[in-house]
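Q: Provided herewith: data_11.cif, mmCIF, C-alpha atoms.
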data_query
#
loop_
_atom_site.label_atom_id
_atom_site.label_comp_id
_atom_site.auth_asym_id
_atom_site.auth_seq_id
_atom_site.Cartn_x
_atom_site.Cartn_y
_atom_site.Cartn_z
CA MET A 1 34.82 75.76 187.48
CA PRO A 2 31.47 74.01 186.93
CA PRO A 3 29.77 72.36 189.93
CA VAL A 4 30.94 68.77 190.26
CA GLU A 5 27.30 67.64 190.34
CA GLU A 6 26.87 68.90 186.78
CA ILE A 7 29.89 66.90 185.66
CA ARG A 8 28.73 63.70 187.40
CA ALA A 9 25.27 64.13 185.89
CA LEU A 10 26.79 63.61 182.44
CA VAL A 11 27.07 59.85 183.03
CA GLY A 12 24.47 58.14 180.88
CA HIS A 13 24.16 61.05 178.46
CA ARG A 14 23.38 59.53 175.08
CA PHE A 15 24.21 61.20 171.80
CA PRO A 16 21.59 61.17 169.04
CA GLY A 17 23.40 58.43 167.12
CA GLY A 18 23.18 57.97 163.40
CA HIS A 19 24.99 56.67 160.36
CA TYR A 20 28.30 57.39 158.69
CA THR A 21 29.92 56.23 155.47
CA ILE A 22 33.65 56.75 154.96
CA ALA A 23 34.07 58.27 151.50
CA HIS A 24 37.02 57.25 149.31
CA TRP A 25 38.36 60.80 149.12
CA GLU A 26 38.14 61.14 152.89
CA ASN A 27 40.03 57.89 153.48
CA PHE A 28 42.64 58.84 150.88
CA LEU A 29 43.38 62.20 152.51
CA LEU A 30 43.23 60.75 156.01
CA THR A 31 45.71 58.01 155.09
CA GLU A 32 48.00 60.57 153.47
CA CYS A 33 47.98 62.58 156.72
CA THR A 34 49.39 59.52 158.52
CA GLY A 35 52.29 59.26 156.10
CA ALA A 36 51.16 55.88 154.75
CA GLU A 37 50.34 54.75 151.24
CA PRO A 38 46.66 53.98 150.50
CA LEU A 39 45.59 50.62 151.89
CA PRO A 40 44.60 47.84 149.46
CA GLY A 41 41.05 47.47 148.19
CA ASP A 42 38.36 49.24 150.15
CA LEU A 43 40.13 49.14 153.51
CA ALA A 44 39.88 52.34 155.53
CA HIS A 45 42.80 53.44 157.67
CA PRO A 46 42.11 52.55 161.32
CA VAL A 47 42.74 56.15 162.34
CA ALA A 48 39.21 56.78 161.03
CA LEU A 49 38.06 55.30 164.32
CA PHE A 50 38.55 58.73 165.88
CA HIS A 51 36.33 61.00 163.80
CA VAL A 52 33.87 58.52 162.24
CA PRO A 53 32.24 57.58 165.57
CA ILE A 54 32.04 61.19 166.72
CA LEU A 55 30.50 62.57 163.54
CA GLY A 56 28.38 59.46 162.98
CA ALA A 57 26.89 59.77 166.46
CA ASN A 58 25.73 63.23 165.40
CA THR A 59 27.97 65.05 167.77
CA SER A 60 31.27 66.89 167.32
CA ILE A 61 34.54 67.51 169.08
CA GLY A 62 33.23 71.00 169.84
CA GLU A 63 30.07 69.64 171.46
CA MET A 64 32.11 67.16 173.49
CA PHE A 65 34.25 70.05 174.75
CA ALA A 66 31.09 72.03 175.56
CA LEU A 67 29.35 69.17 177.40
CA GLY A 68 32.24 69.05 179.85
CA GLN A 69 32.16 72.85 180.11
CA ALA A 70 35.76 73.14 178.92
CA ASP A 71 37.42 76.39 179.98
CA ASP A 72 38.73 76.67 176.42
CA ASP A 73 39.77 74.32 173.61
CA ALA A 74 43.37 74.23 174.81
CA SER A 75 42.32 73.04 178.28
CA ILE A 76 41.54 69.52 177.02
CA GLY A 77 44.07 66.78 177.63
CA ILE A 78 43.91 63.18 176.40
CA GLU A 79 44.11 60.42 179.00
CA SER A 80 43.70 57.52 176.59
CA TYR A 81 42.09 56.16 173.46
CA ASP A 82 41.04 52.51 173.43
CA TRP A 83 40.22 51.26 169.93
CA GLU A 84 38.81 47.75 169.43
CA PHE A 85 38.41 46.37 165.93
CA PHE A 86 36.13 43.37 165.43
CA LYS A 87 36.23 43.84 161.66
CA PRO A 88 38.42 46.05 159.45
CA LEU A 89 36.84 49.43 158.65
CA ARG A 90 35.88 49.85 155.01
CA GLU A 91 35.16 52.69 152.62
CA GLU A 92 31.67 53.22 151.23
CA LEU A 93 30.08 50.99 153.89
CA GLU A 94 27.39 52.54 156.07
CA TYR A 95 27.99 52.21 159.79
CA ARG A 96 25.39 52.66 162.53
CA ILE A 97 26.90 54.54 165.46
CA ASP A 98 25.63 54.75 169.04
CA ALA A 99 27.40 56.65 171.78
CA GLU A 100 27.13 57.67 175.40
CA ILE A 101 29.12 59.12 178.27
CA THR A 102 30.15 56.25 180.54
CA GLU A 103 32.20 58.00 183.24
CA ALA A 104 32.44 61.58 184.51
CA ASP A 105 33.95 62.80 187.75
CA ARG A 106 36.31 65.39 189.24
CA GLN A 107 39.83 64.33 190.08
CA GLN A 108 42.99 65.83 191.47
CA ALA A 109 46.54 64.78 190.69
CA ASN A 110 49.85 66.53 191.23
CA GLY A 111 48.07 69.58 192.62
CA ARG A 112 45.90 69.89 189.52
CA THR A 113 42.14 69.69 189.30
CA PHE A 114 40.47 68.22 186.24
CA ASP A 115 37.24 66.57 185.22
CA ARG A 116 37.72 63.13 183.71
CA ILE A 117 35.06 62.30 181.14
CA GLN A 118 34.83 59.06 179.20
CA PHE A 119 32.88 58.63 175.95
CA ARG A 120 32.09 55.25 174.38
CA PHE A 121 31.12 54.76 170.75
CA GLU A 122 30.00 51.56 169.01
CA LEU A 123 29.97 51.00 165.25
CA LYS A 124 27.78 48.36 163.67
CA ASP A 125 28.02 47.43 160.01
CA ASP A 126 25.25 46.69 157.52
CA THR A 127 24.78 43.22 159.06
CA ALA A 128 24.16 44.87 162.47
CA GLU A 129 27.27 43.18 163.83
CA LEU A 130 29.64 45.15 166.02
CA ALA A 131 32.51 46.28 163.80
CA ALA A 132 34.43 48.49 166.23
CA ARG A 133 34.24 50.16 169.60
CA THR A 134 36.18 53.17 170.84
CA THR A 135 36.53 54.59 174.31
CA VAL A 136 37.76 58.17 174.50
CA THR A 137 38.89 59.53 177.87
CA TRP A 138 39.64 63.22 178.14
CA HIS A 139 40.69 65.51 180.97
CA TYR A 140 39.06 68.92 181.25
CA ARG A 141 41.67 70.93 183.13
CA ARG A 142 40.22 73.56 185.45
CA ARG A 143 41.39 76.98 186.45
CA ARG A 144 41.86 78.11 190.02
CA ALA A 145 39.95 81.16 191.21
CA GLY A 146 41.84 84.04 189.66
CA GLY A 147 42.15 82.39 186.29
CA LYS A 148 45.32 80.30 186.48
CA ARG A 149 44.86 76.75 185.25
CA THR A 150 45.65 74.20 187.93
CA MET B 151 54.25 28.79 156.75
CA SER B 152 53.15 30.93 159.69
CA MET B 153 55.10 34.00 160.80
CA GLU B 154 57.70 33.18 163.45
CA VAL B 155 57.16 35.54 166.39
CA LYS B 156 58.20 35.16 170.02
CA VAL B 157 57.95 37.19 173.21
CA GLY B 158 60.64 39.85 173.29
CA ASP B 159 60.78 40.28 169.53
CA LYS B 160 61.13 43.87 168.37
CA ILE B 161 58.62 45.14 165.81
CA PRO B 162 60.37 46.73 162.80
CA ALA B 163 60.39 50.49 163.42
CA TRP B 164 58.36 52.96 161.33
CA ASP B 165 59.85 56.40 160.77
CA MET B 166 58.26 59.82 160.37
CA PRO B 167 61.26 62.05 159.58
CA SER B 168 59.40 65.35 160.05
CA VAL B 169 55.87 65.79 161.39
CA SER B 170 54.01 68.09 159.01
CA ALA B 171 51.99 71.15 160.01
CA ALA B 172 50.18 70.99 156.65
CA ARG B 173 48.99 67.45 157.41
CA MET B 174 47.70 68.67 160.81
CA ARG B 175 45.60 71.29 159.02
CA THR B 176 44.15 68.71 156.61
CA MET B 177 43.47 66.43 159.56
CA ALA B 178 41.73 69.23 161.47
CA ALA B 179 39.40 69.78 158.52
CA ILE B 180 38.57 66.07 158.19
CA LEU B 181 37.99 65.74 161.94
CA ARG B 182 36.09 69.04 162.17
CA ASP B 183 38.47 69.73 165.05
CA PRO B 184 38.08 73.30 166.31
CA ASN B 185 41.11 73.19 168.60
CA PRO B 186 43.49 75.92 167.35
CA VAL B 187 46.56 74.24 168.84
CA HIS B 188 46.59 72.12 165.66
CA TRP B 189 46.51 74.97 163.13
CA ASP B 190 47.20 78.39 164.70
CA ARG B 191 50.83 78.67 165.90
CA ARG B 192 49.98 81.61 168.14
CA VAL B 193 47.98 79.40 170.50
CA PRO B 194 50.59 76.72 171.27
CA LYS B 195 53.23 79.47 171.40
CA ALA B 196 51.28 81.16 174.20
CA MET B 197 51.20 77.77 175.97
CA GLY B 198 54.99 77.46 175.86
CA PHE B 199 55.40 75.13 172.87
CA GLY B 200 57.42 77.58 170.79
CA ASP B 201 56.66 78.31 167.17
CA HIS B 202 55.03 74.94 166.50
CA THR B 203 51.59 73.44 166.14
CA ILE B 204 50.60 70.36 168.14
CA ASN B 205 49.93 67.10 166.30
CA GLN B 206 46.48 65.56 166.76
CA GLY B 207 46.55 62.60 169.15
CA PRO B 208 45.09 60.21 166.55
CA LEU B 209 47.84 61.19 164.07
CA GLY B 210 50.54 60.19 166.54
CA LEU B 211 48.66 56.96 167.13
CA SER B 212 48.48 56.40 163.38
CA TYR B 213 52.28 56.16 163.12
CA MET B 214 52.09 53.08 165.33
CA VAL B 215 49.20 51.72 163.26
CA ASN B 216 51.40 52.11 160.17
CA MET B 217 54.19 50.22 161.93
CA LEU B 218 51.82 47.38 162.82
CA HIS B 219 50.39 47.25 159.29
CA ALA B 220 53.90 46.98 157.82
CA TRP B 221 54.64 44.12 160.22
CA THR B 222 51.48 41.96 160.24
CA GLY B 223 49.30 43.34 157.44
CA PRO B 224 46.53 45.88 156.91
CA GLU B 225 43.73 43.80 158.48
CA SER B 226 45.68 42.57 161.50
CA ILE B 227 44.91 45.11 164.25
CA ARG B 228 42.47 43.91 166.89
CA ARG B 229 43.00 46.52 169.61
CA VAL B 230 45.06 49.63 170.32
CA TRP B 231 45.16 51.39 173.69
CA MET B 232 47.12 54.60 173.80
CA THR B 233 48.21 57.24 176.30
CA PHE B 234 49.63 60.63 175.44
CA PRO B 235 52.24 61.77 177.99
CA MET B 236 53.78 64.48 175.78
CA ALA B 237 52.78 66.57 172.79
CA VAL B 238 54.18 65.83 169.33
CA LEU B 239 55.02 69.02 167.43
CA ASP B 240 55.45 69.85 163.77
CA GLU B 241 59.00 69.20 162.48
CA ASP B 242 59.55 66.53 165.16
CA HIS B 243 61.42 63.42 164.02
CA ILE B 244 59.29 60.56 165.34
CA THR B 245 59.93 56.82 165.25
CA ALA B 246 57.27 54.24 166.11
CA ARG B 247 58.57 51.16 167.89
CA GLY B 248 57.18 48.10 169.62
CA GLU B 249 57.96 44.84 171.34
CA VAL B 250 56.02 41.58 171.67
CA THR B 251 54.91 40.85 175.25
CA ALA B 252 52.70 37.78 174.77
CA ILE B 253 51.48 35.31 172.17
CA ARG B 254 48.07 33.69 172.61
CA GLU B 255 45.35 31.97 170.62
CA VAL B 256 41.75 33.17 170.72
CA ASP B 257 38.94 31.75 168.58
CA GLY B 258 41.44 30.17 166.23
CA GLU B 259 43.45 33.34 165.74
CA ARG B 260 47.09 33.60 166.81
CA LEU B 261 47.40 36.98 168.52
CA ALA B 262 50.44 39.00 169.59
CA ASP B 263 50.16 41.48 172.45
CA CYS B 264 52.68 44.27 172.16
CA ASN B 265 53.94 47.34 173.94
CA ILE B 266 54.13 50.17 171.43
CA TRP B 267 55.48 53.71 171.68
CA LEU B 268 56.78 56.73 169.84
CA GLU B 269 60.36 57.86 170.23
CA ARG B 270 61.70 61.39 169.77
CA PRO B 271 65.39 62.18 170.14
CA GLY B 272 66.17 63.80 173.48
CA THR B 273 62.79 63.34 175.20
CA ASP B 274 60.73 60.72 176.95
CA HIS B 275 58.22 58.79 174.83
CA PRO B 276 55.52 61.20 173.62
CA LEU B 277 53.00 58.35 173.21
CA GLU B 278 52.91 54.96 174.91
CA GLY B 279 50.41 52.15 174.68
CA LYS B 280 49.57 48.57 173.90
CA ALA B 281 48.30 46.75 170.84
CA THR B 282 46.98 43.34 169.91
CA VAL B 283 47.45 42.09 166.36
CA LYS B 284 46.52 38.92 164.55
CA LEU B 285 49.62 37.17 163.32
CA PRO B 286 49.58 36.02 159.67
CA ASP B 287 48.66 32.35 159.15
#
Could you rewrite the structure in this file as structure tokens?
A:
Amino acid sequence: MPPVEEIRALVGHRFPGGHYTIAHWENFLLTECTGAEPLPGDLAHPVALFHVPILGANTSIGEMFALGQADDDASIGIESYDWEFFKPLREELEYRIDAEITEADRQQANGRTFDRIQFRFELKDDTAELAARTTVTWHYRRRRAGGKRT
Amino acid sequence: MSMEVKVGDKIPAWDMPSVSAARMRTMAAILRDPNPVHWDRRVPKAMGFGDHTINQGPLGLSYMVNMLHAWTGPESIRRVWMTFPMAVLDEDHITARGEVTAIREVDGERLADCNIWLERPGTDHPLEGKATVKLPD
């Protein structure tokens, strides 16, 4: 289990940030995965608000696991996703993405120990207006000494 | 004529008859998601989930997005907040449902706040959350 000080020190960590454009093929396949028909015009399926901020911020799910020193990929649990849309997401529109870790601390519940880490991503469109914001809160479940996950 | 909606109204359900392992694999590639629980059955099996892969959280959430789109249109969603009490597995029959909890007006938009959730026969709700949508003019 990593020292709690290392987990708390993650607050304020900023990702490099960057830009992301949702390609038509990507939106088509993504929408198909949800079981829906393609949306009209250039609308992107809102489920894009999971991976677009992460990749656009120049990070990855793997790096987010590693920052929290996950025991293994399967040790991650989702507390919540909070998705705010100020404008509909669109294909072939470049978004500017900025991201940081806003909360990180150790918690215990029901005899289990986990580190609760919250990531916040903001997407701005080509007018520099905020198009969407997403707050991802994950639990990094920890093992007891001896290897059994709490 | 504006859409007639009142507190307590049920949102028309959206059905996913069988969650697809193939769609999870496509999703994992798009997301660059390295977690093997979504594409290698041996991993969730070792965790006690049987011979199934685990659906990505955003995919479960997307079933509720599809329900909301069918109800109020593809540009209507203003906010979705979601929790994930239980895993959704491939071959699960999942139904997205919701209920209106409040109607309010903000900046000239008529908004509906809703409780939304996924149902699976024989279990508690795998996903539960809240949404705000703009009601059609």
Q: Looking at all atoms listed in the file, which of A:Gly18, A:Gly12, A:Gly56, A:Pro3 is the one that sits closest to chain B?
A: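 Going through A:Gly18, A:Gly12, A:Gly56, A:Pro3 one by one, the smallest distance to chain B is for A:Gly56.
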Q: Quick one: apply the PyMOL selection byres ((chain A) within 7 of (chain B)) to the file and drop the selected residues here as a ChimeraX atom specification.
A: /A:30,33-34,36,39,47,50-51,61-62,73-74,78-86,88
Q: How many Å separate atom CA of Val283 of chain B from atom CA of Cys264 of chain B?
A: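 Spanning atom CA of Val283 of chain B to atom CA of Cys264 of chain B is a straight-line distance of 8.1 Å.
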Q: Atom CA of Arg133 of chain A and atom CA of Leu89 of chain A, how far apart in Å?
A: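 For atom CA of Leu89 of chain A relative to atom CA of Arg133 of chain A, the distance reads 11.3 Å.
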Q: How far is it from atom CA of Glu92 of chain A to atom CA of His24 of chain A, in Å with one decimal?
A: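 Interatomic distance, atom CA of Glu92 of chain A to atom CA of His24 of chain A: 7.0 Å.
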Q: Could you check the closest approach to Ile101 of chain A for each of A:Gly68, A:Gly77, A:Gly35, A:Pro2 and tell me which residue wins, using all atoms listed in the file?
A: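 That would be A:Gly68, the residue with the smallest distance to Ile101 of chain A.
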Q: Pick the closest to Leu67 of chain A from A:His13, A:Lys87, A:Lys124, A:Arg141: which is it, counting all atoms listed in the file?
A: A:His13
Q: Which residues match the PyMOL selection byres ((chain B and resi 256) around 12) in the file above, as a compact mmCIF listing (two decimals) with C-alpha atoms, in the coordinates of the input?
A:
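Wrote it out as selection-v1.txt, contents follow:
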# COMPACT_ATOMS: atom_id res chain seq x y z
CA ARG B 228 42.47 43.91 166.89
CA ILE B 253 51.48 35.31 172.17
CA ARG B 254 48.07 33.69 172.61
CA GLU B 255 45.35 31.97 170.62
CA ASP B 257 38.94 31.75 168.58
CA GLY B 258 41.44 30.17 166.23
CA GLU B 259 43.45 33.34 165.74
CA ARG B 260 47.09 33.60 166.81
CA LEU B 261 47.40 36.98 168.52
CA ALA B 262 50.44 39.00 169.59
CA ASP B 263 50.16 41.48 172.45
CA THR B 282 46.98 43.34 169.91
CA VAL B 283 47.45 42.09 166.36
CA LYS B 284 46.52 38.92 164.55
CA LEU B 285 49.62 37.17 163.32
Q: Taking all atoms listed in the file into account, which of B:Ala179, B:Lys160, B:Trp221, B:Glu241 comes nearest Gly200 of chain B?
A: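 Under the stated criterion, the closest residue is B:Glu241.
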